[in-house]
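Next comes run13.cif, a file with mmCIF, C-alpha atoms.
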data_target
loop_
_atom_site.label_atom_id
_atom_site.label_comp_id
_atom_site.auth_asym_id
_atom_site.auth_seq_id
_atom_site.Cartn_x
_atom_site.Cartn_y
_atom_site.Cartn_z
CA MET A 21 38.71 -2.91 62.56
CA SER A 22 39.34 -1.02 59.32
CA SER A 23 39.32 -4.25 57.30
CA THR A 24 36.08 -5.35 58.98
CA ARG A 25 34.48 -1.99 58.28
CA ALA A 26 35.57 -2.15 54.64
CA TRP A 27 34.14 -5.67 54.24
CA VAL A 28 30.82 -4.67 55.79
CA ARG A 29 30.63 -1.60 53.53
CA GLN A 30 31.09 -3.85 50.51
CA HIS A 31 28.59 -6.48 51.73
CA ARG A 32 25.98 -4.48 53.62
CA LEU A 33 22.96 -6.57 52.74
CA THR A 34 24.77 -9.85 53.31
CA THR A 35 25.92 -8.64 56.72
CA PHE A 36 22.45 -7.41 57.57
CA PHE A 37 20.70 -10.68 56.74
CA VAL A 38 23.31 -12.84 58.49
CA LEU A 39 23.08 -10.70 61.63
CA ALA A 40 19.26 -10.75 61.54
CA TYR A 41 19.33 -14.55 61.46
CA VAL A 42 22.08 -14.99 64.05
CA VAL A 43 20.66 -12.54 66.60
CA ALA A 44 17.19 -14.12 66.32
CA TRP A 45 18.32 -17.76 66.18
CA VAL A 46 21.21 -18.03 68.66
CA PRO A 47 18.99 -18.22 71.78
CA TRP A 48 16.95 -21.05 70.19
CA PRO A 49 19.50 -23.92 70.52
CA LEU A 50 20.43 -22.61 73.96
CA ALA A 51 16.79 -22.89 75.01
CA GLU A 52 16.50 -26.36 73.47
CA ALA A 53 19.59 -27.43 75.46
CA GLY A 54 18.01 -26.10 78.66
CA LEU A 55 20.69 -23.44 79.11
CA ILE A 56 18.12 -20.64 79.10
CA PRO A 57 14.42 -20.87 80.02
CA GLY A 58 11.73 -21.28 77.38
CA GLN A 59 11.80 -21.40 73.60
CA PHE A 60 13.34 -18.06 72.81
CA PHE A 61 13.25 -16.30 69.46
CA PHE A 62 14.15 -12.62 69.32
CA PRO A 63 11.80 -10.73 66.94
CA GLY A 64 13.79 -7.52 67.27
CA ALA A 65 16.80 -8.99 65.45
CA PRO A 66 16.24 -7.17 62.10
CA LEU A 67 16.17 -3.84 63.96
CA VAL A 68 19.40 -4.72 65.79
CA ALA A 69 21.03 -5.89 62.55
CA ALA A 70 20.09 -2.71 60.71
CA LEU A 71 21.40 -0.47 63.50
CA VAL A 72 24.70 -2.38 63.66
CA VAL A 73 25.31 -2.35 59.91
CA ILE A 74 24.41 1.32 59.64
CA GLY A 75 26.75 2.13 62.50
CA VAL A 76 29.65 0.27 60.90
CA ALA A 77 29.09 1.12 57.23
CA GLU A 78 27.23 4.43 57.07
CA GLY A 79 27.16 6.27 60.39
CA ARG A 80 25.01 9.30 60.96
CA THR A 81 23.89 9.58 57.36
CA GLY A 82 22.44 6.08 57.48
CA TYR A 83 20.70 6.69 60.78
CA ARG A 84 19.19 9.94 59.45
CA ASP A 85 17.93 8.11 56.37
CA LEU A 86 16.28 5.39 58.45
CA LEU A 87 14.71 7.94 60.79
CA SER A 88 13.44 10.02 57.87
CA ARG A 89 11.64 6.96 56.48
CA LEU A 90 10.09 6.28 59.87
CA LEU A 91 8.87 9.89 60.11
CA ARG A 92 7.55 10.01 56.52
CA TRP A 93 3.93 10.60 57.45
CA ARG A 94 2.70 12.99 54.72
CA VAL A 95 1.46 10.28 52.40
CA GLY A 96 -2.25 11.02 52.16
CA TRP A 97 -4.95 9.89 54.57
CA GLN A 98 -6.05 7.05 52.27
CA TRP A 99 -2.77 5.22 52.84
CA TYR A 100 -3.36 5.25 56.59
CA VAL A 101 -6.68 3.54 55.86
CA VAL A 102 -4.89 1.01 53.65
CA ALA A 103 -2.11 0.37 56.18
CA VAL A 104 -4.45 -0.25 59.10
CA GLY A 105 -7.52 -1.51 57.25
CA VAL A 106 -6.16 -4.01 54.71
CA PRO A 107 -4.83 -6.43 57.37
CA VAL A 108 -8.26 -6.32 59.02
CA LEU A 109 -10.02 -6.99 55.71
CA LEU A 110 -7.69 -9.92 55.00
CA VAL A 111 -8.63 -11.51 58.33
CA LEU A 112 -12.35 -10.86 57.84
CA ALA A 113 -12.20 -12.35 54.33
CA THR A 114 -10.47 -15.39 55.80
CA GLY A 115 -13.21 -15.77 58.40
CA TRP A 116 -15.97 -15.50 55.82
CA VAL A 117 -14.36 -18.12 53.57
CA VAL A 118 -13.79 -20.53 56.46
CA ALA A 119 -17.42 -20.11 57.50
CA TRP A 120 -18.51 -20.72 53.88
CA LEU A 121 -16.52 -23.96 54.00
CA GLY A 122 -18.62 -25.16 56.94
CA ALA A 123 -17.25 -23.59 60.11
CA PRO A 124 -19.47 -21.57 62.45
CA ALA A 125 -19.64 -17.90 61.50
CA PRO A 126 -16.97 -15.77 63.21
CA ASP A 127 -18.21 -14.19 66.43
CA LEU A 128 -17.10 -10.60 66.02
CA SER A 129 -19.21 -9.52 69.00
CA ALA A 130 -16.73 -11.22 71.31
CA ILE A 131 -13.87 -9.03 70.10
CA VAL A 132 -13.04 -6.04 72.29
CA TRP A 133 -12.00 -3.52 69.67
CA ALA A 134 -10.56 -1.14 72.24
CA ASP A 135 -8.12 -3.89 73.25
CA VAL A 136 -7.23 -4.43 69.60
CA ALA A 137 -6.44 -0.72 69.28
CA ILE A 138 -4.29 -0.82 72.41
CA VAL A 139 -2.34 -3.81 71.11
CA LEU A 140 -1.79 -2.00 67.83
CA LEU A 141 -0.43 1.08 69.60
CA VAL A 142 1.85 -0.98 71.85
CA ARG A 143 3.26 -2.84 68.86
CA LEU A 144 4.22 0.49 67.30
CA VAL A 145 6.58 1.34 70.17
CA ASP A 146 7.80 -2.07 71.42
CA PRO A 147 11.15 -2.97 69.78
CA THR A 148 10.88 -6.55 71.06
CA ASP A 149 7.67 -7.07 69.06
CA GLY A 150 7.48 -8.09 65.43
CA ALA A 151 6.27 -4.72 64.10
CA LEU A 152 8.93 -2.32 65.41
CA GLY A 153 11.44 -5.15 65.78
CA GLU A 154 11.26 -6.20 62.12
CA GLU A 155 10.13 -3.33 59.91
CA PRO A 156 13.13 -0.98 60.33
CA GLY A 157 15.26 -3.90 59.14
CA TRP A 158 13.19 -5.55 56.40
CA ARG A 159 11.55 -2.49 54.88
CA GLY A 160 13.52 0.40 56.36
CA TYR A 161 17.01 -0.90 55.56
CA ALA A 162 17.00 -3.96 53.29
CA LEU A 163 14.25 -3.11 50.80
CA PRO A 164 15.61 0.28 49.64
CA ARG A 165 18.99 -1.35 49.05
CA LEU A 166 17.54 -4.33 47.23
CA GLN A 167 15.72 -1.91 44.94
CA LEU A 168 18.99 -0.26 43.99
CA ALA A 169 19.59 -3.11 41.56
CA ALA A 170 16.27 -4.99 41.41
CA SER A 171 12.70 -4.34 40.31
CA PRO A 172 10.02 -4.24 43.02
CA VAL A 173 8.88 -7.76 42.04
CA ARG A 174 12.37 -9.20 42.30
CA ALA A 175 13.10 -7.30 45.51
CA ALA A 176 9.85 -8.54 47.06
CA THR A 177 10.69 -12.12 46.08
CA VAL A 178 14.18 -12.02 47.58
CA LEU A 179 13.05 -10.25 50.74
CA GLY A 180 10.02 -12.51 51.12
CA VAL A 181 12.07 -15.71 50.92
CA LEU A 182 14.69 -14.44 53.36
CA ALA A 183 12.09 -13.10 55.81
CA ALA A 184 10.19 -16.40 55.64
CA GLY A 185 13.34 -18.42 56.31
CA TRP A 186 14.07 -16.20 59.28
CA HIS A 187 10.78 -17.38 60.84
CA LEU A 188 11.71 -21.08 60.56
CA PRO A 189 12.39 -21.61 64.30
CA LEU A 190 8.82 -20.52 65.04
CA VAL A 191 7.56 -23.33 62.80
CA LEU A 192 9.89 -25.93 64.31
CA THR A 193 8.81 -24.98 67.84
CA GLY A 194 5.10 -25.05 66.96
CA ASN A 195 4.52 -21.31 67.30
CA LEU A 196 3.75 -20.80 63.61
CA PRO A 197 1.98 -23.16 61.17
CA VAL A 198 4.04 -24.40 58.24
CA VAL A 199 1.83 -22.47 55.84
CA GLY A 200 2.97 -19.36 57.69
CA LEU A 201 6.24 -19.48 55.73
CA PRO A 202 4.71 -19.17 52.24
CA SER A 203 2.25 -16.66 53.70
CA THR A 204 5.24 -14.55 54.78
CA VAL A 205 6.65 -14.68 51.26
CA VAL A 206 3.35 -13.59 49.73
CA ILE A 207 2.50 -10.84 52.20
CA THR A 208 5.92 -9.32 51.60
CA PHE A 209 4.61 -8.25 48.20
CA LEU A 210 1.88 -6.22 49.93
CA TYR A 211 4.48 -4.58 52.16
CA VAL A 212 6.62 -3.69 49.14
CA TRP A 213 3.60 -2.34 47.25
CA LEU A 214 2.57 -0.17 50.22
CA PHE A 215 6.14 0.99 50.87
CA ASN A 216 6.67 2.06 47.27
CA ARG A 217 3.25 3.60 46.81
CA THR A 218 3.88 5.82 49.87
CA GLY A 219 7.28 6.98 48.65
CA GLY A 220 9.29 4.72 50.92
CA SER A 221 7.38 5.36 54.14
CA LEU A 222 8.58 2.99 56.85
CA LEU A 223 5.78 4.34 59.03
CA MET A 224 3.14 2.84 56.72
CA ALA A 225 4.87 -0.54 56.76
CA LEU A 226 5.06 -0.34 60.53
CA LEU A 227 1.34 0.43 60.80
CA PHE A 228 0.53 -2.46 58.45
CA HIS A 229 2.57 -4.91 60.53
CA ALA A 230 1.12 -3.63 63.81
CA SER A 231 -2.42 -4.00 62.46
CA GLN A 232 -1.61 -7.46 61.10
CA GLY A 233 -0.63 -8.67 64.57
CA ALA A 234 -3.29 -6.81 66.52
CA PHE A 235 -6.22 -8.50 64.75
CA THR A 236 -5.72 -12.11 63.63
CA TYR A 237 -7.89 -14.99 62.45
CA GLY A 238 -7.09 -16.66 65.79
CA MET A 239 -9.45 -14.13 67.37
CA LEU A 240 -12.47 -15.25 65.33
CA GLY A 241 -13.48 -18.04 67.71
CA PHE A 242 -12.68 -21.04 65.51
CA ASP A 243 -11.90 -24.41 67.06
CA ALA A 244 -8.48 -26.00 66.48
CA ALA A 245 -9.42 -27.75 63.23
CA ASP A 246 -11.06 -24.69 61.71
CA GLU A 247 -8.17 -22.49 62.83
CA ASP A 248 -5.77 -24.80 60.96
CA ARG A 249 -8.01 -24.43 57.93
CA ALA A 250 -8.03 -20.67 58.44
CA ALA A 251 -4.24 -20.59 58.14
CA VAL A 252 -4.47 -22.14 54.68
CA VAL A 253 -7.37 -19.91 53.67
CA TYR A 254 -5.44 -16.86 54.87
CA PHE A 255 -2.59 -17.83 52.56
CA ALA A 256 -5.05 -18.08 49.65
CA VAL A 257 -6.56 -14.70 50.52
CA LEU A 258 -3.07 -13.18 50.50
CA VAL A 259 -2.41 -14.64 47.06
CA VAL A 260 -5.61 -13.08 45.73
CA ALA A 261 -4.74 -9.70 47.29
CA VAL A 262 -1.24 -9.70 45.81
CA ALA A 263 -2.58 -10.78 42.42
CA ALA A 264 -4.97 -7.83 42.54
CA THR A 265 -2.11 -5.37 43.05
CA LEU A 266 -0.10 -6.99 40.25
CA VAL A 267 -3.00 -6.79 37.79
CA LEU A 268 -4.71 -3.57 38.82
CA ASP A 269 -1.63 -1.51 39.68
CA ARG A 270 0.99 -2.71 37.22
CA THR A 271 2.92 0.56 37.21
CA ALA A 272 3.74 0.08 40.88
CA TRP A 273 5.71 -3.05 40.02
CA ARG A 274 7.77 -1.71 37.13
CA THR A 275 10.12 0.64 38.95
CA ALA A 276 10.34 1.77 42.55
CA PRO A 277 10.10 5.54 43.10
CA PRO A 278 13.44 7.25 43.85
CA THR A 279 12.31 7.96 47.42
CA ALA A 280 11.91 4.20 48.03
CA ILE A 281 15.45 3.42 46.89
CA ALA A 282 18.58 3.84 48.99
CA THR A 283 20.95 6.64 48.09
CA ALA A 284 24.00 5.22 46.35
CA ASP A 285 26.80 7.29 47.86
CA GLU A 286 29.45 4.97 46.46
CA PRO A 287 29.72 2.93 43.26
CA LEU A 288 29.88 -0.33 45.23
CA ALA A 289 26.43 0.37 46.70
CA ARG A 290 24.99 -0.09 43.20
CA THR A 291 25.86 -3.76 43.35
CA GLY A 292 23.18 -4.28 45.99
CA ARG A 293 25.67 -6.18 48.15
#
Using the file provided, produce a representation of the structure as structure tokens.
Amino acid sequence: MSSTRAWVRQHRLTTFFVLAYVVAWVPWPLAEAGLIPGQFFFPGAPLVAALVVIGVAEGRTGYRDLLSRLLRWRVGWQWYVVAVGVPVLLVLATGWVVAWLGAPAPDLSAIVWADVAIVLLVRLVDPTDGALGEEPGWRGYALPRLQLAASPVRAATVLGVLAAGWHLPLVLTGNLPVVGLPSTVVITFLYVWLFNRTGGSLLMALLFHASQGAFTYGMLGFDAADEDRAAVVYFAVLVVAVAATLVLDRTAWRTAPPTAIATADEPLARTGR
């Protein structure tokens, strides 16, 4: 056990990402073989991976750090608007562009906004959902450690690629369009920007993810063909949004604030492993 603990302490990020993949992916081949019902993919795997690695490598100090990021709510009211509102604006922009390309205008009157709000709230407390299931791992644990040795741009790139690859089974089982993978890479830059601009607030990233899943372009009433087009347009809208942060807020991408970087208690933590 001591040798395992020492290895995990020296390779925390590697262990985290491997566990996140394994815990999410293992049920998939079992489902394909008919050994368990349905096509199962566990979205809470990053949360599980983070809790396991913290327990092995850091203990109470690590858990306190993760909890403090989750409870970091004094960030200014405008960031709450950004966290909840930007995902909505991205979807609305997607709908407008798809309509401009020839699709019927989105029917927003058919959307029950009270239901959207309820879904958002449920996603904030459901560890088996993508918001609470992923954010404590991707942004709460991995990102602060990536930023120990990498700039925000580099950290966003690495995290985006690994988070996108983690979603691969959803593409192969038809639950996510192929363009959803590059979209995941790109939107990771928005998460990193929000996380750093709010001093490492996991709560803001959680709100952003919950809002992203509570209101989607699939709710705009498009037929199948236009919804496929919407997926591509959504990717383009994300690219524009990220480009805007890179150009208009360059200082945010130079260096992460100290509060958005993990505490390096040991020299080996500086390696980012």
**Request:** Please evaluate the PyMOL selection byres ((chain A and resi 167-176) around 10) against the displayed coordinates and give the resulting residues as a ChimeraX atom specification.
**Result:** /A:162-166,177-182,205-213,216,266,272-278,280-284,289-293
**Asked** Written as a VMD selection string, which residues does the PyMOL selection byres ((chain A and resi 114-124) around 6) give for the file shown?
**Response** chain A and resid 111 to 113 125 253 to 254
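Residue nearest A:Arg84 within the list A:Gly160, A:Gly233, A:Gly105, A:Pro197: A:Gly160 [criterion: smallest interatomic distance, only C-alpha atoms].
Atom to atom, atom CA of A:Ile131 and atom CA of A:Ser231 stand 14.7 Å apart.
Taking atom CA of A:Val136 as the reference point, atom CA of A:Ala234 is found at 5.5 Å.
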**Request:** Please write the residues picked by the PyMOL selection byres ((chain A and resi 239) around 10) on this file as an NGL selection string.
**Result:** :A and (111 or 115 or 126-128 or 130-131 or 234-238 or 240-242 or 247)
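Distances to A:Pro49 were evaluated for A:Ala65, A:Leu140, A:Leu192, A:Ala183 using only C-alpha atoms, and the minimum falls at A:Leu192.
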Which residues, written as a compact mmCIF listing (two decimals) with C-alpha atoms, in the coordinates of the input, have at least one atom at most 9 Å from A:Trp45, with only C-alpha atoms counted and residues fewer than 5 positions away on the same chain left out?
# COMPACT_ATOMS: atom_id res chain seq x y z
CA ALA A 40 19.26 -10.75 61.54
CA PHE A 60 13.34 -18.06 72.81
CA PHE A 61 13.25 -16.30 69.46
CA PHE A 62 14.15 -12.62 69.32
CA ALA A 65 16.80 -8.99 65.45
CA TRP A 186 14.07 -16.20 59.28
CA PRO A 189 12.39 -21.61 64.30
**Request:** Please provide as a ChimeraX atom specification all residues within 10 Å of stretch 98-101 of chain A, with the sequence filter that same-chain residues fewer than 6 positions apart are discarded (counting all atoms listed in the file).
**Result:** /A:214,217-218,223-224,227-228
Next, the residues of the selection above should be written as a PDB file, in the frame of the given file with C-alpha atoms.
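Result file is out.pdb:
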ATOM      1  CA  LEU A 214       2.570  -0.170  50.220  1.00  0.00           C
ATOM      2  CA  ARG A 217       3.250   3.600  46.810  1.00  0.00           C
ATOM      3  CA  THR A 218       3.880   5.820  49.870  1.00  0.00           C
ATOM      4  CA  LEU A 223       5.780   4.340  59.030  1.00  0.00           C
ATOM      5  CA  MET A 224       3.140   2.840  56.720  1.00  0.00           C
ATOM      6  CA  LEU A 227       1.340   0.430  60.800  1.00  0.00           C
ATOM      7  CA  PHE A 228       0.530  -2.460  58.450  1.00  0.00           C
TER       8      PHE A 228
END
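Put simply, atom CA of A:Val262 is 15.3 Å away from atom CA of A:Val108.
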**Prompt:** Residues at most 8 Å from A:Arg92, counting all atoms listed in the file, excluding those fewer than 2 positions away in the same chain, as JSON, numbers by chain?
**Reply:** {"A": [88, 89, 90, 94, 95, 220, 221, 222, 223]}
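If all atoms listed in the file are the atoms counted, then among A:Gly96, A:Arg249, A:Gly185, A:Pro66 the closest residue to A:Arg159 is A:Pro66.
Counting all atoms listed in the file and comparing A:Arg25, A:Pro156, A:Leu67, A:Leu144, the residue that lies closest to A:Phe215 is A:Pro156.
Using all atoms listed in the file for every distance, the candidate list A:Pro63, A:Gly200, A:Pro107, A:Gly79 yields A:Pro63 as the residue closest to A:Gly150.
Proximity ranking of A:Val73, A:Val68, A:Ala51, A:Ala184 relative to A:Pro147 places A:Val68 first, based on only C-alpha atoms.
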